[in-house]
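S.K.: Enclosed is the structure file structure.txt (compact mmCIF, C-alpha atoms).
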```
# COMPACT_ATOMS: atom_id res chain seq x y z
CA MET A 251 125.78 74.89 79.27
CA LYS A 252 126.55 71.37 80.36
CA THR A 253 124.21 68.50 79.47
CA ILE A 254 122.91 66.56 82.47
CA VAL A 255 121.68 62.99 82.32
CA PRO A 256 119.55 62.34 85.40
CA PRO A 257 120.42 59.24 87.41
CA LEU A 258 118.18 56.18 87.55
CA VAL A 259 116.11 56.09 90.71
CA ALA A 260 114.88 52.79 92.13
CA VAL A 261 111.10 52.80 92.76
CA SER A 262 108.62 50.14 93.76
CA ALA A 263 106.49 48.28 91.23
CA ALA A 264 103.40 49.98 92.60
CA CYS A 265 104.90 53.38 92.01
CA PHE A 266 106.11 52.34 88.56
CA PHE A 267 102.63 51.52 87.32
CA ALA A 268 100.85 54.23 89.28
CA ALA A 269 101.19 57.96 89.41
CA CYS A 270 103.56 59.00 92.18
CA VAL A 271 105.64 61.99 93.13
CA LEU A 272 109.28 61.60 94.12
CA ASP A 273 110.38 63.91 96.91
CA PHE A 274 113.93 64.85 95.82
CA THR A 275 114.50 66.78 99.02
CA LYS A 276 115.10 63.36 100.58
CA PHE A 277 118.22 63.14 98.45
CA GLU A 278 119.40 66.72 98.65
CA GLY A 279 118.36 68.18 101.99
CA ASP A 280 115.92 71.00 102.71
CA THR A 281 116.76 74.32 104.28
CA GLY A 282 116.24 75.41 107.82
CA GLY A 283 118.28 73.20 110.18
CA THR A 284 121.63 71.62 110.62
CA GLY A 285 122.33 68.25 109.02
CA GLY A 286 120.50 66.54 106.20
CA ALA A 287 117.03 65.03 106.25
CA GLY A 288 117.14 62.21 108.74
CA THR A 289 114.47 60.30 106.87
CA GLY A 290 116.21 60.48 103.49
CA THR A 291 119.10 58.59 102.07
CA GLY A 292 121.75 60.99 103.34
CA THR A 293 124.24 60.00 105.96
CA GLY A 294 123.16 62.59 108.49
CA THR A 295 121.85 61.53 111.89
CA GLY A 296 119.56 64.48 112.54
CA THR A 297 115.80 64.25 112.37
CA GLY A 298 115.17 67.74 111.08
CA THR A 299 115.72 69.15 107.63
CA GLY A 300 119.13 70.70 107.01
CA THR A 301 121.03 73.43 105.29
CA GLY A 302 124.12 71.28 104.95
CA SER A 303 125.37 69.27 102.04
CA ALA A 304 123.50 66.70 100.06
CA ASP A 305 125.25 63.93 101.94
CA GLY A 306 123.37 64.88 105.08
CA GLY A 307 125.34 67.34 107.13
CA GLY A 308 128.93 68.17 106.12
CA GLY A 309 128.08 71.64 104.88
CA MET A 310 130.86 71.46 102.25
CA VAL A 311 128.58 71.91 99.22
CA PRO A 312 125.63 74.33 99.49
CA VAL A 313 122.14 72.97 99.09
CA GLY A 314 120.99 72.96 95.50
CA CYS A 315 124.46 72.43 94.04
CA THR A 316 124.10 68.70 93.45
CA ASN A 317 120.57 68.39 92.07
CA MET A 318 121.64 68.45 88.41
CA THR A 319 119.36 71.42 87.84
CA LEU A 320 120.12 75.02 86.93
CA ASP A 321 118.56 76.89 89.84
CA GLY A 322 119.27 79.48 92.50
CA ASP A 323 122.07 81.85 91.52
CA GLU A 324 123.99 79.20 89.58
CA THR A 325 125.47 80.30 86.28
CA ASP A 326 125.57 76.73 84.97
CA VAL A 327 124.21 73.48 86.32
CA ASP A 328 125.38 73.01 89.93
CA CYS A 329 128.22 75.54 89.63
CA GLY A 330 128.89 79.26 89.78
CA GLY A 331 127.24 81.76 92.06
CA SER A 332 126.99 80.30 95.56
CA CYS A 333 128.00 76.88 94.24
CA PRO A 334 131.55 75.70 93.53
CA PRO A 335 133.21 77.36 90.52
CA CYS A 336 132.61 76.01 87.02
CA ASP A 337 134.86 74.17 84.58
CA ASN A 338 136.11 75.70 81.36
CA GLY A 339 133.29 75.79 78.82
CA ASP A 340 130.57 76.35 81.41
CA ASP A 341 128.53 79.56 81.59
CA CYS A 342 129.60 82.35 83.93
CA ASP A 343 128.77 85.92 84.92
CA ASP A 344 132.04 86.79 86.70
CA PHE A 345 135.59 85.47 87.18
CA ALA A 346 134.60 84.06 90.58
CA ASP A 347 132.22 81.66 88.81
CA CYS A 348 135.17 79.87 87.15
CA LYS A 349 137.87 77.52 88.41
CA SER A 350 140.27 79.31 86.08
CA GLN A 351 139.20 82.69 87.50
CA PHE A 352 138.65 83.88 83.92
CA CYS A 353 135.22 84.56 82.41
CA ALA A 354 135.03 85.89 78.85
CA ALA A 355 131.80 86.50 76.89
CA GLY A 356 129.84 84.55 79.47
CA THR A 357 131.98 81.41 79.30
CA CYS A 358 134.69 80.08 81.62
CA GLY A 359 138.00 79.51 79.87
CA PRO A 360 141.77 79.42 80.39
CA CYS A 361 143.57 82.70 80.85
CA MET A 362 146.31 83.47 78.33
CA ASN A 363 148.24 86.35 79.91
CA ALA A 364 148.44 88.64 82.94
CA GLY A 365 145.91 91.00 81.36
CA ASP A 366 143.26 88.30 81.57
CA CYS A 367 143.75 88.26 85.35
CA ALA A 368 143.66 92.02 85.93
CA VAL A 369 140.04 91.95 87.10
CA VAL A 370 140.92 89.36 89.75
CA GLY A 371 143.44 91.71 91.35
CA ASN A 372 147.01 90.84 92.43
CA ALA A 373 147.03 87.76 90.21
CA PHE A 374 148.85 86.44 87.17
CA CYS A 375 148.19 83.70 84.62
CA GLU A 376 149.88 80.37 85.26
CA GLY A 377 148.93 77.23 83.36
CA GLY A 378 145.64 78.73 82.20
CA THR A 379 144.51 79.75 85.70
CA CYS A 380 144.72 83.13 87.43
CA VAL A 381 146.72 82.60 90.63
CA PRO A 382 147.87 84.99 93.40
CA LYS A 383 151.10 86.87 92.78
CA HIS A 384 154.21 85.81 94.73
CA GLU A 385 155.69 87.56 97.74
CA ASP A 386 159.31 88.75 97.85
CA GLY A 387 161.83 85.93 98.02
CA THR A 388 159.73 83.52 95.97
CA SER A 389 161.16 82.17 92.72
CA CYS A 390 159.77 83.77 89.56
CA THR A 391 160.30 84.10 85.82
CA GLY A 392 158.64 87.47 85.13
CA ASP A 393 157.76 90.79 86.77
CA ASP A 394 154.02 90.10 86.43
CA GLN A 395 154.33 87.18 88.88
CA CYS A 396 155.40 89.34 91.83
CA THR A 397 153.41 91.59 94.14
CA SER A 398 156.34 94.04 93.92
CA ASP A 399 156.36 93.80 90.10
CA HIS A 400 160.10 93.08 90.28
CA CYS A 401 161.48 89.67 89.33
CA VAL A 402 165.27 89.95 89.66
CA ASP A 403 167.79 87.13 89.27
CA GLY A 404 165.00 84.57 89.51
CA PHE A 405 163.36 85.91 92.70
CA CYS A 406 160.61 88.39 93.49
CA CYS A 407 162.48 91.40 94.81
CA ALA A 408 161.42 94.32 97.00
CA THR A 409 163.05 96.80 94.61
CA ALA A 410 164.13 97.00 90.97
CA CYS A 411 167.71 96.21 92.09
CA ASP A 412 169.11 97.15 88.70
CA ALA A 413 172.34 98.95 89.57
CA VAL A 414 175.73 97.49 88.64
CA CYS A 415 176.96 94.85 91.11
CA GLN A 416 173.57 94.37 92.76
CA SER A 417 171.49 91.20 92.98
CA CYS A 418 168.39 89.84 94.71
CA ALA A 419 169.75 86.29 95.01
CA MET A 420 171.32 85.07 98.24
CA ALA A 421 173.89 83.06 96.29
CA ALA A 422 175.35 86.32 94.95
CA THR A 423 175.01 88.62 97.97
CA GLY A 424 174.73 86.51 101.12
CA SER A 425 171.49 88.32 101.97
CA PRO A 426 168.15 86.46 101.91
CA ASP A 427 166.54 85.91 98.51
CA GLY A 428 164.28 88.84 97.65
CA ILE A 429 166.43 91.50 99.34
CA CYS A 430 168.61 93.60 97.05
CA GLY A 431 172.27 93.55 98.05
CA ASN A 432 175.78 94.17 96.76
CA VAL A 433 177.53 91.42 94.83
CA LEU A 434 180.96 89.94 95.44
CA GLY A 435 182.68 88.58 92.35
CA ASP A 436 181.24 88.91 88.89
CA ALA A 437 179.35 85.80 87.82
CA GLU A 438 177.17 87.91 85.51
CA ASN A 439 180.13 89.70 83.88
CA GLU A 440 178.83 93.16 84.77
CA CYS A 441 182.33 94.59 85.14
CA SER A 442 184.78 95.14 82.32
CA GLY A 443 188.02 93.27 81.75
CA THR A 444 189.21 91.33 84.79
CA ASP A 445 187.45 93.63 87.28
CA VAL A 446 184.92 92.14 89.67
CA CYS A 447 182.23 93.45 92.01
CA ASP A 448 183.90 94.46 95.26
CA GLY A 449 180.96 93.93 97.61
CA ASN A 450 180.34 97.67 97.92
CA GLY A 451 178.42 98.16 94.69
CA MET A 452 181.52 98.96 92.64
CA CYS A 453 183.74 97.26 90.08
CA ALA A 454 187.38 96.87 91.11
CA PRO A 455 190.46 94.90 90.07
CA LEU A 456 190.41 91.36 91.43
CA CYS A 457 194.12 91.20 92.18
CA GLY A 458 194.70 92.10 95.80
CA LEU A 459 191.03 92.73 96.46
CA GLU A 460 190.16 92.05 100.10
CA PRO A 461 186.50 92.97 100.66
CA THR A 462 185.24 93.30 104.20
CA PRO A 463 183.41 90.10 105.14
CA PRO A 464 179.89 90.51 106.54
CA GLY A 465 180.53 88.05 109.36
CA GLY A 466 177.65 87.42 111.72
CA ALA A 467 177.13 84.89 114.49
CA CYS A 468 180.45 83.11 115.02
CA PRO A 469 180.22 79.57 113.53
CA GLY A 470 181.17 76.54 115.60
CA VAL A 471 184.10 75.66 113.34
CA CYS A 472 185.77 78.88 114.54
CA ASN A 473 187.04 77.28 117.74
CA GLY A 474 189.42 80.19 118.28
CA GLY A 475 186.54 82.63 118.14
CA CYS A 476 185.83 85.41 115.66
CA ASN A 477 187.46 88.79 115.28
CA GLY A 478 184.78 90.82 113.53
CA GLY A 479 184.27 89.05 110.22
CA THR A 480 187.35 86.84 110.59
CA CYS A 481 186.99 83.23 111.71
CA ILE A 482 189.93 81.83 113.72
CA ILE A 483 190.50 78.07 113.60
CA ASN A 484 192.89 77.03 116.36
CA CYS A 485 195.04 73.95 115.75
CA ASN A 486 197.84 74.92 118.14
CA ASN A 487 197.78 71.75 120.23
CA SER A 488 199.72 68.67 119.22
CA GLY A 489 197.81 66.81 116.49
CA ALA A 490 194.78 69.06 117.09
CA CYS A 491 193.57 69.05 113.46
CA GLN A 492 195.72 66.28 112.05
CA GLY A 493 194.05 64.55 109.06
CA GLN A 494 190.92 66.68 109.34
CA THR A 495 189.07 68.64 106.65
CA LEU A 496 188.83 72.27 107.77
CA SER A 497 186.31 74.32 105.76
CA CYS A 498 186.25 78.03 106.45
CA PRO A 499 182.64 79.27 106.79
CA PRO A 500 181.09 81.44 104.06
CA GLY A 501 180.80 85.14 104.79
CA PHE A 502 184.00 85.20 106.87
CA ALA A 503 187.69 85.71 106.25
CA CYS A 504 189.68 82.84 107.71
CA GLN A 505 192.82 82.40 109.82
CA VAL A 506 194.07 78.89 110.53
CA ALA A 507 196.74 78.59 113.24
CA CYS A 508 198.77 75.38 113.04
CA GLY A 509 201.16 75.98 115.95
CA GLY A 510 201.12 72.54 117.55
CA SER A 511 203.33 69.63 116.57
CA ASN A 512 201.50 67.99 113.65
CA GLY A 513 198.73 70.50 114.35
CA CYS A 514 197.48 70.50 110.72
CA ALA A 515 199.51 67.58 109.39
CA SER A 516 197.74 65.79 106.51
CA ALA A 517 194.79 68.16 106.88
CA THR A 518 192.77 69.61 103.99
CA ILE A 519 192.03 73.31 104.40
CA ASN A 520 189.30 74.86 102.22
CA CYS A 521 189.36 78.66 101.99
CA PRO A 522 186.24 80.87 101.84
CA GLU A 523 185.00 82.36 98.58
CA HIS A 524 185.75 86.09 98.13
CA PHE A 525 187.53 86.65 101.45
CA ALA A 526 191.12 86.39 102.64
CA CYS A 527 192.54 83.09 103.85
CA ASP A 528 195.72 82.94 105.96
CA VAL A 529 197.28 79.69 107.13
CA ASN A 530 200.18 79.90 109.58
CA CYS A 531 202.30 76.80 110.10
CA THR A 532 204.68 77.35 113.03
CA GLY A 533 204.64 74.02 114.83
CA SER A 534 207.02 71.14 114.18
CA LYS A 535 205.62 69.40 111.09
CA GLY A 536 202.63 71.68 111.67
CA CYS A 537 201.44 71.49 108.05
CA GLN A 538 203.32 68.48 106.77
CA ASP A 539 201.42 66.82 103.90
CA ALA A 540 198.61 69.37 104.26
CA ILE A 541 196.60 70.62 101.27
CA LEU A 542 195.49 74.25 101.12
CA ASN A 543 192.65 74.81 98.62
CA CYS A 544 192.47 78.52 97.90
CA SER A 545 189.12 79.86 96.68
CA ALA A 546 188.68 81.22 93.17
CA THR A 547 188.38 84.86 94.25
CA GLY A 548 189.86 85.27 97.74
CA ASN A 549 193.44 86.20 98.67
CA CYS A 550 195.37 83.15 99.84
CA ASN A 551 198.49 83.16 102.00
CA LEU A 552 200.55 80.27 103.39
CA ALA A 553 203.22 81.10 105.97
CA CYS A 554 205.69 78.38 106.96
CA GLY A 555 207.74 78.96 110.12
CA SER A 556 211.26 77.84 110.91
CA SER A 557 210.16 74.84 112.98
CA ASN A 558 211.33 71.41 111.87
CA GLN A 559 209.71 70.52 108.53
CA ALA A 560 206.78 72.88 109.17
CA CYS A 561 205.46 72.65 105.57
CA ARG A 562 207.18 69.52 104.28
CA ASP A 563 205.28 68.13 101.27
CA ALA A 564 202.44 70.62 101.81
CA GLU A 565 200.60 71.87 98.71
CA GLN A 566 199.00 75.25 98.11
CA ARG A 567 196.48 75.27 95.23
CA CYS A 568 195.90 78.84 94.09
CA GLY A 569 192.80 80.52 92.67
CA GLU A 570 192.45 83.67 90.56
CA ASN A 571 193.35 86.24 93.23
CA ASP A 572 196.77 86.90 94.74
CA CYS A 573 198.36 83.74 96.11
CA THR A 574 201.53 83.78 98.20
CA ALA A 575 203.69 81.33 100.16
CA THR A 576 206.43 82.50 102.51
CA CYS A 577 208.96 80.30 104.31
CA ALA A 578 211.20 81.16 107.26
CA GLY A 579 213.32 78.05 106.76
CA GLY A 580 215.08 76.84 103.63
CA ASN A 581 214.39 73.10 103.82
CA PHE A 582 211.35 71.03 102.84
CA LEU A 583 209.46 73.78 101.06
CA PRO A 584 205.76 73.51 100.16
CA THR A 585 204.53 73.31 96.57
CA THR A 586 202.55 76.28 95.27
CA THR A 587 200.43 75.55 92.19
CA CYS A 588 199.44 78.75 90.40
CA SER A 589 196.24 79.10 88.38
CA GLY A 590 196.86 78.86 84.67
CA THR A 591 194.36 81.64 83.94
CA SER A 592 195.03 84.20 86.66
CA THR A 593 196.81 87.49 85.98
CA CYS A 594 197.31 88.13 89.69
CA ALA A 595 200.45 87.56 91.74
CA CYS A 596 201.45 83.98 92.51
CA ALA A 597 204.58 83.60 94.64
CA SER A 598 206.04 80.40 95.99
CA CYS A 599 208.77 79.96 98.58
CA PRO A 600 212.24 80.57 97.08
```
Could I get this file's structure written as structure tokens?
M.R.:
Amino acid sequence: MKTIVPPLVAVSAACFFAACVLDFTKFEGDTGGTGGAGTGTGTGTGTGTGTGSADGGGGMVPVGCTNMTLDGDETDVDCGGSCPPCDNGDDCDDFADCKSQFCAAGTCGPCMNAGDCAVVGNAFCEGGTCVPKHEDGTSCTGDDQCTSDHCVDGFCCATACDAVCQSCAMAATGSPDGICGNVLGDAENECSGTDVCDGNGMCAPLCGLEPTPPGGACPGVCNGGCNGGTCIINCNNSGACQGQTLSCPPGFACQVACGGSNGCASATINCPEHFACDVNCTGSKGCQDAILNCSATGNCNLACGSSNQACRDAEQRCGENDCTATCAGGNFLPTTTCSGTSTCACASCP
């Protein structure tokens, strides 16, 4: 029970020395109308008595909840019951009487675990307060925080999602957080040896793996359109992509056509993670001084045509999957830099 010190009330000298009765309803508001007592000290403008708040008409705090008296259905002074919930340490009859939503042995207090919040229903304990459980797709740290009772890979998940090569995180599957999907790659080391998740719920050797990309709406960077899950970047006009940075979109395999003179000269081409990346340099100096950044897990192929200096001073930087350069001409070959840790094929132009 809280201790209340009543406020000082200014009264006239006559009332101080003589018996008088203070009408506290002028401060709090009677019941029966809308708005506070117009003749009191509230801010209301009505002339009748009111059922609103003690300030004269907002209705935010029920009448009787600011009179510093234990009355009505309050469980402690001016709180609980129909009044706002009570602080920790105040008396209570039910969880709804407490700000923490936890009432034990007639006293509001902080919850300590999910069990303390069971009576609330669909709630868990966070920072000493029972709060509503999270919906799917919301970040979490434990099963008890989710309405589905499944916290997987840091997100509330619709299912247990506990099979090999499955995840509920968009970063691993490409599907929205909270939806169980198949994993590409093996960031969690679920597969043995050098095998990785193949995108179909199975472990498979990384070398030569070409999973089917999910694709979707064709991104704007694919100016040559999309063929299923393959993005086509067209640089077949003279200087079309010269000096540009071309980043293949996630979720797609990628084909870059550098058929124009200097079509991809001095360009930087970034391949997509997991999926195949094919760069074809057929134009005169089509890929001269270009840099091809292969992804860590996707196949990466550079094809240099017989046109004049098609791949002169070009560089192919390989990842962990198969990485191959082929050249139709024997002069001005590109440089292929193999990964120092990969066990997959890495072939440069002869």
S.K.: May I ask for the distance between atom CA of A:Cys550 and atom CA of A:Ser442, given in Å to one decimal place?
M.R.: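 Interatomic distance, atom CA of A:Cys550 to atom CA of A:Ser442: 23.7 Å.
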S.K.: Looking at A:Gly509, A:Pro584, A:Gly548, A:Gly478, which one is nearest to A:Asp572, with distances taken over all atoms listed in the file?
M.R.: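 Among A:Gly509, A:Pro584, A:Gly548, A:Gly478, it is A:Gly548 that comes nearest to A:Asp572.
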S.K.: Residues within 12 Å of (197.5, 71.6, 95.6), file coordinates, counting only C-alpha atoms: what are they? Give the list as a list in words.
M.R.: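 Residues lying no farther than 12 Å from the given point: Thr518, Ile519, Asn520, Asp539, Ala540, Ile541, Leu542, Asn543, Cys544, Ser545, Asp563, Ala564, Glu565, Gln566, Arg567, Cys568, Gly569, Pro584, Thr585, Thr586, Thr587, Cys588 and Ser589 of chain A.
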S.K.: To one decimal place in Å, what is the distance between atom CA of A:Thr325 and atom CA of A:Cys367?
M.R.: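 It comes out at 20.0 Å.
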S.K.: Please determine, counting all atoms listed in the file, which residue among A:Val529, A:Cys430, A:Ile482, A:Leu456 has the shortest atom-to-atom distance to A:Thr593.
M.R.: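 So, comparing all the options, the nearest one is A:Leu456.
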S.K.: Rank nothing, just name the residue among A:Gly331, A:Gly555, A:Gly493, A:Gly371 nearest to A:Phe582, using all atoms listed in the file.
M.R.: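 Counting all atoms listed in the file, the residue closest to A:Phe582 is A:Gly555.
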S.K.: Tell me which residues come within 6 Å of (199.2, 76.0, 117.9), as a CSV table (one decimal) with C-alpha atoms, in the frame of the given file, counting only C-alpha atoms in the file's coordinates.
M.R.:
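Writing the result to part_37.csv gives the following:
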```csv
chain,number,residue,atom,x,y,z
A,485,CYS,CA,195.0,74.0,115.8
A,486,ASN,CA,197.8,74.9,118.1
A,487,ASN,CA,197.8,71.8,120.2
A,507,ALA,CA,196.7,78.6,113.2
A,508,CYS,CA,198.8,75.4,113.0
A,509,GLY,CA,201.2,76.0,116.0
A,510,GLY,CA,201.1,72.5,117.6
```
S.K.: Pick out the closest residue to A:Ala526 from this set: A:Glu385, A:Glu460, A:Cys481, A:Leu496. Count only C-alpha atoms.
M.R.: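 Nearest candidate to A:Ala526 out of A:Glu385, A:Glu460, A:Cys481, A:Leu496: A:Glu460.
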S.K.: Find, counting all atoms listed in the file, the residue in A:Ser398, A:Gln559, A:Glu570, A:Gly466 that gets nearest to A:Val446.
M.R.: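 Comparing A:Ser398, A:Gln559, A:Glu570, A:Gly466 against A:Val446, the winner is A:Glu570.
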S.K.: If you measure from atom CA of A:Asp343 to atom CA of A:Thr357, what distance in Å do you get, rounded to one decimal?
M.R.: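 Rounded to one decimal, the two atoms are 7.9 Å apart.
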S.K.: Which residue, A:Thr391, A:Asn549, A:Asn477, A:Thr462, has the smallest gap to A:Ala575 when you use all atoms listed in the file?
M.R.: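 Closest candidate: A:Asn549.
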S.K.: Near A:Cys561, within 7 Å and counting only C-alpha atoms, which residues show up once chain neighbours fewer than 5 positions away are dropped, as a list in words?
M.R.: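 Listing them by chain and then by number gives Cys531, Lys535, Gly536, Cys537, Gln538, Cys554, Phe582, Leu583 and Pro584 of chain A.
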